[in-house]
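Have a look at structure11.tsv; it's TSV, C-alpha atoms:
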```tsv
chain	number	residue	atom	x	y	z
A	1	MET	CA	24.34	10.89	-9.84
A	2	GLY	CA	26.35	8.26	-7.96
A	3	ASN	CA	26.25	4.53	-8.57
A	4	LEU	CA	23.77	2.64	-10.72
A	5	SER	CA	21.68	1.23	-7.88
A	6	THR	CA	21.24	4.73	-6.45
A	7	THR	CA	20.13	6.00	-9.85
A	8	ALA	CA	17.64	3.15	-10.21
A	9	ASP	CA	16.38	3.82	-6.69
A	10	ASP	CA	16.00	7.52	-7.49
A	11	ILE	CA	14.07	6.66	-10.66
A	12	LEU	CA	11.76	4.30	-8.76
A	13	ALA	CA	11.15	6.82	-5.95
A	14	CYS	CA	10.35	9.53	-8.48
A	15	ALA	CA	8.03	7.24	-10.45
A	16	GLN	CA	6.19	6.33	-7.25
A	17	SER	CA	5.58	9.95	-6.30
A	18	LEU	CA	4.46	10.77	-9.85
A	19	ILE	CA	2.05	7.82	-9.92
A	20	ILE	CA	0.61	8.77	-6.53
A	21	ALA	CA	0.12	12.32	-7.82
A	22	GLY	CA	-1.30	11.54	-11.25
A	23	GLY	CA	-1.72	7.83	-11.90
A	24	TYR	CA	-0.06	5.49	-14.37
A	25	ASN	CA	-0.71	7.66	-17.41
A	26	GLY	CA	0.11	10.87	-15.55
A	27	PHE	CA	3.87	10.73	-16.05
A	28	SER	CA	6.52	10.07	-18.68
A	29	TYR	CA	10.22	9.32	-18.71
A	30	ALA	CA	10.75	13.01	-19.52
A	31	ASP	CA	9.07	13.91	-16.21
A	32	ILE	CA	11.35	11.54	-14.31
A	33	ALA	CA	14.44	12.79	-16.15
A	34	ALA	CA	13.61	16.39	-15.19
A	35	VAL	CA	13.10	15.55	-11.50
A	36	VAL	CA	16.02	13.13	-11.08
A	37	GLY	CA	18.37	15.19	-13.25
A	38	ILE	CA	19.32	12.51	-15.78
A	39	ARG	CA	18.71	11.88	-19.45
A	40	LYS	CA	15.79	9.74	-20.63
A	41	ALA	CA	18.32	7.31	-22.10
A	42	SER	CA	19.61	6.67	-18.58
A	43	ILE	CA	16.13	5.71	-17.46
A	44	HIS	CA	15.77	3.36	-20.44
A	45	HIS	CA	19.12	1.81	-19.46
A	46	HIS	CA	17.67	0.78	-16.08
A	47	PHE	CA	14.06	0.23	-17.18
A	48	PRO	CA	13.68	-0.36	-20.94
A	49	SER	CA	9.96	0.45	-20.86
A	50	LYS	CA	7.41	2.11	-18.62
A	51	VAL	CA	5.89	-1.34	-18.01
A	52	ASP	CA	9.27	-2.60	-16.76
A	53	LEU	CA	9.62	0.43	-14.50
A	54	VAL	CA	6.17	0.23	-12.92
A	55	ARG	CA	6.22	-3.58	-12.63
A	56	THR	CA	9.55	-3.34	-10.80
A	57	LEU	CA	8.21	-0.53	-8.63
A	58	VAL	CA	5.09	-2.48	-7.61
A	59	ALA	CA	7.09	-5.66	-6.93
A	60	ARG	CA	9.47	-3.68	-4.72
A	61	TYR	CA	6.55	-1.94	-3.01
A	62	ARG	CA	4.99	-5.32	-2.20
A	63	GLU	CA	8.29	-6.70	-0.87
A	64	GLU	CA	8.76	-3.62	1.33
A	65	ALA	CA	5.19	-3.90	2.59
A	66	GLU	CA	5.67	-7.58	3.41
A	67	ALA	CA	8.92	-6.77	5.24
A	68	GLY	CA	7.18	-3.98	7.15
A	69	LEU	CA	4.36	-6.30	8.21
A	70	ALA	CA	6.86	-8.96	9.29
A	71	ASN	CA	8.68	-6.31	11.31
A	72	LEU	CA	5.38	-5.24	12.88
A	73	GLU	CA	4.69	-8.89	13.82
A	74	GLY	CA	8.12	-9.06	15.45
A	75	GLN	CA	7.62	-5.90	17.48
A	76	VAL	CA	3.94	-6.15	18.42
A	77	SER	CA	2.47	-9.49	19.50
A	78	ASP	CA	-1.12	-8.43	20.25
A	79	PRO	CA	-3.34	-8.77	17.12
A	80	LEU	CA	-5.52	-5.79	18.10
A	81	GLU	CA	-2.44	-3.61	18.47
A	82	GLN	CA	-1.11	-4.92	15.14
A	83	ILE	CA	-4.14	-3.70	13.23
A	84	ARG	CA	-4.13	-0.44	15.18
A	85	SER	CA	-0.45	-0.03	14.27
A	86	TYR	CA	-1.22	-0.78	10.62
A	87	THR	CA	-3.95	1.86	10.42
A	88	GLY	CA	-1.82	4.22	12.55
A	89	TYR	CA	0.99	3.90	10.02
A	90	TRP	CA	-1.30	5.02	7.20
A	91	GLU	CA	-2.87	7.73	9.31
A	92	ALA	CA	0.59	9.20	9.99
A	93	CYS	CA	1.68	8.87	6.34
A	94	ILE	CA	-1.45	10.64	5.15
A	95	ALA	CA	-1.15	13.37	7.79
A	96	ASP	CA	2.48	14.20	6.98
A	97	ALA	CA	2.01	13.52	3.22
A	98	SER	CA	4.98	11.11	3.19
A	99	ALA	CA	2.74	8.45	1.60
A	100	PRO	CA	-0.69	9.97	1.05
A	101	PHE	CA	-2.05	6.95	-0.80
A	102	CYS	CA	-1.22	3.27	-1.21
A	103	LEU	CA	0.49	2.83	-4.58
A	104	CYS	CA	-1.28	-0.46	-5.23
A	105	ALA	CA	-4.69	0.89	-4.24
A	106	LEU	CA	-4.27	3.73	-6.71
A	107	LEU	CA	-3.12	1.36	-9.46
A	108	ALA	CA	-5.95	-1.07	-8.66
A	109	SER	CA	-8.39	1.70	-9.56
A	110	GLN	CA	-6.73	1.78	-12.98
A	111	LEU	CA	-6.52	-1.99	-13.63
A	112	PRO	CA	-8.73	-1.88	-16.73
A	113	VAL	CA	-6.17	0.31	-18.52
A	114	LEU	CA	-2.94	-1.10	-17.05
A	115	PRO	CA	-0.70	-3.56	-18.87
A	116	GLU	CA	-1.30	-7.10	-17.56
A	117	GLU	CA	2.26	-7.43	-16.18
A	118	ILE	CA	1.53	-4.59	-13.78
A	119	GLY	CA	-1.93	-5.92	-12.94
A	120	VAL	CA	-0.37	-9.22	-11.88
A	121	GLU	CA	1.88	-7.41	-9.39
A	122	VAL	CA	-0.96	-5.24	-8.06
A	123	ARG	CA	-3.17	-8.27	-7.46
A	124	ALA	CA	-0.25	-10.06	-5.75
A	125	HIS	CA	0.04	-7.13	-3.33
A	126	PHE	CA	-3.65	-7.32	-2.46
A	127	ARG	CA	-3.48	-11.10	-1.96
A	128	SER	CA	-0.46	-10.74	0.31
A	129	LEU	CA	-2.04	-7.99	2.40
A	130	SER	CA	-5.32	-9.91	2.64
A	131	GLN	CA	-3.52	-13.04	3.82
A	132	TRP	CA	-1.64	-11.11	6.50
A	133	LEU	CA	-4.78	-9.36	7.72
A	134	ALA	CA	-6.76	-12.61	7.77
A	135	SER	CA	-4.05	-14.31	9.84
A	136	VAL	CA	-3.97	-11.41	12.33
A	137	LEU	CA	-7.75	-11.31	12.56
A	138	GLU	CA	-8.02	-15.10	13.00
A	139	ARG	CA	-5.37	-15.11	15.70
A	140	GLY	CA	-7.02	-12.15	17.41
A	141	ALA	CA	-10.40	-13.89	17.41
A	142	GLN	CA	-8.88	-17.07	18.84
A	143	GLN	CA	-7.19	-15.08	21.60
A	144	GLY	CA	-10.33	-13.07	22.37
A	145	ARG	CA	-8.55	-9.86	21.34
A	146	LEU	CA	-10.70	-9.23	18.25
A	147	ARG	CA	-14.41	-9.60	17.64
A	148	LEU	CA	-15.28	-10.84	14.15
A	149	THR	CA	-18.77	-10.89	12.67
A	150	SER	CA	-17.81	-13.06	9.68
A	151	SER	CA	-14.89	-15.20	8.54
A	152	ALA	CA	-11.37	-13.83	8.99
A	153	HIS	CA	-10.98	-13.76	5.20
A	154	ASP	CA	-14.17	-11.73	4.73
A	155	GLU	CA	-13.21	-9.41	7.57
A	156	ALA	CA	-9.75	-8.93	6.00
A	157	GLU	CA	-11.31	-7.93	2.68
A	158	ALA	CA	-13.67	-5.49	4.41
A	159	PHE	CA	-10.80	-4.09	6.45
A	160	MET	CA	-8.69	-3.48	3.32
A	161	ALA	CA	-11.61	-1.86	1.53
A	162	THR	CA	-12.27	0.42	4.51
A	163	VAL	CA	-8.62	1.48	4.84
A	164	HIS	CA	-8.25	2.14	1.12
A	165	GLY	CA	-11.62	3.91	1.02
A	166	ALA	CA	-10.50	6.07	3.95
A	167	MET	CA	-7.41	7.06	1.94
A	168	LEU	CA	-9.64	8.01	-0.96
A	169	SER	CA	-11.98	10.02	1.24
A	170	ALA	CA	-9.06	11.87	2.87
A	171	ARG	CA	-7.77	12.72	-0.60
A	172	ALA	CA	-11.19	13.73	-1.93
A	173	TYR	CA	-11.85	16.07	0.99
A	174	GLY	CA	-8.26	17.31	1.19
A	175	ASP	CA	-8.43	16.51	4.89
A	176	PRO	CA	-6.07	13.91	6.40
A	177	THR	CA	-8.23	13.62	9.53
A	178	ILE	CA	-10.98	11.95	7.47
A	179	PHE	CA	-8.84	8.78	7.42
A	180	GLY	CA	-9.28	8.36	11.18
A	181	VAL	CA	-12.93	9.33	10.99
A	182	VAL	CA	-13.52	6.41	8.59
A	183	THR	CA	-11.22	3.81	10.19
A	184	GLY	CA	-12.04	4.61	13.84
A	185	PRO	CA	-15.45	2.89	13.86
A	186	LEU	CA	-13.93	-0.20	12.21
A	187	LEU	CA	-11.28	-0.49	14.91
A	188	ARG	CA	-13.86	0.03	17.65
A	189	ARG	CA	-16.11	-2.66	16.15
A	190	LEU	CA	-13.25	-5.17	16.03
A	191	ALA	CA	-12.09	-4.49	19.60
A	192	PRO	CA	-13.66	-6.76	22.23
A	193	ARG	CA	-16.26	-5.20	24.50
A	194	THR	CA	-14.90	-4.27	27.89
A	195	ASP	CA	-18.22	-3.91	29.74
```

Written as structure tokens, how would this file's structure read?
Amino acid sequence: MGNLSTTADDILACAQSLIIAGGYNGFSYADIAAVVGIRKASIHHHFPSKVDLVRTLVARYREEAEAGLANLEGQVSDPLEQIRSYTGYWEACIADASAPFCLCALLASQLPVLPEEIGVEVRAHFRSLSQWLASVLERGAQQGRLRLTSSAHDEAEAFMATVHGAMLSARAYGDPTIFGVVTGPLLRRLAPRTD
């Protein structure tokens, strides 16, 4: 299986796909061992418990999301285009099934049954995403590029709920195009009128 970091990465990638498919309680170390092609003891070597594994996975997911948003900020300066790019990213991931659902959104739906260590990481992801969205929305409103009907914080929370709800609807209907159907009106509402 190569070096240890590759094995740990393989374990994390497998755990993420299994969680997306079946939730926190929908997989075991035996499932990961079968997919990755290692013994359960090897998984325990890297992640002594399922809590350690999923906590590490969510922390890494949040770090990667934050890096992706920073990269987006560096490549796209217009706030309206930033939020379009953000929703476009998810629309593409859902359409090609590369990431059909946000890991943290799925785990948030299971918070009542998750160990607290994982809940802390899930909530940290939501706070981070909300802060980024609020800053983009605030900047967009100041520049006249976005039209807000309430505070940037409230708009950010509504935006997150709409995007995550759109993921859920696309999954429920088995139709990736539903994501755009749900998020399209939100993007049109936020865009400034051009008349």

Please provide as an MDAnalysis selection string all residues within 12 Å of stretch 130-132 of chain A, with the sequence filter that same-chain residues fewer than 4 positions apart are discarded (counting all atoms listed in the file).
chainID A and resid 65:70 72:73 79 82:83 86 123:126 136:139 152:161

Atom CA of A:Asp52 to atom CA of A:Ala105, distance in Å rounded to a single decimal:
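According to the coordinates, atom CA of A:Asp52 and atom CA of A:Ala105 are separated by 19.1 Å.
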
Nearest to A:Glu121 among A:Tyr61, A:His45, A:Thr87, A:Gly184, with distances taken over all atoms listed in the file: which residue is it?
A:Tyr61

Using all atoms listed in the file, the shortest atom-to-atom distance to A:Leu57 among A:Tyr24, A:Tyr173, A:Trp90, A:Phe179 belongs to A:Tyr24

Tell me which protein, DNA and RNA residues are within 10 Å of stretch 95-102 of chain A, counting only C-alpha atoms, leaving out same-chain ones fewer than 3 positions away, and put them as a list in words.
Gln16, Ser17, Ile20, Ala21, Tyr61, Tyr89, Trp90, Glu91, Ala92, Ala105, Leu106, Leu107, Ala108, Val163, His164, Ala166, Met167, Leu168, Ala170, Arg171, Asp175, Pro176, Thr177, Ile178 and Phe179 of chain A

For A:Ile38, which residue out of A:Ile118, A:Val113, A:Val182, A:Cys14 is the nearest one, using only C-alpha atoms?
A:Cys14
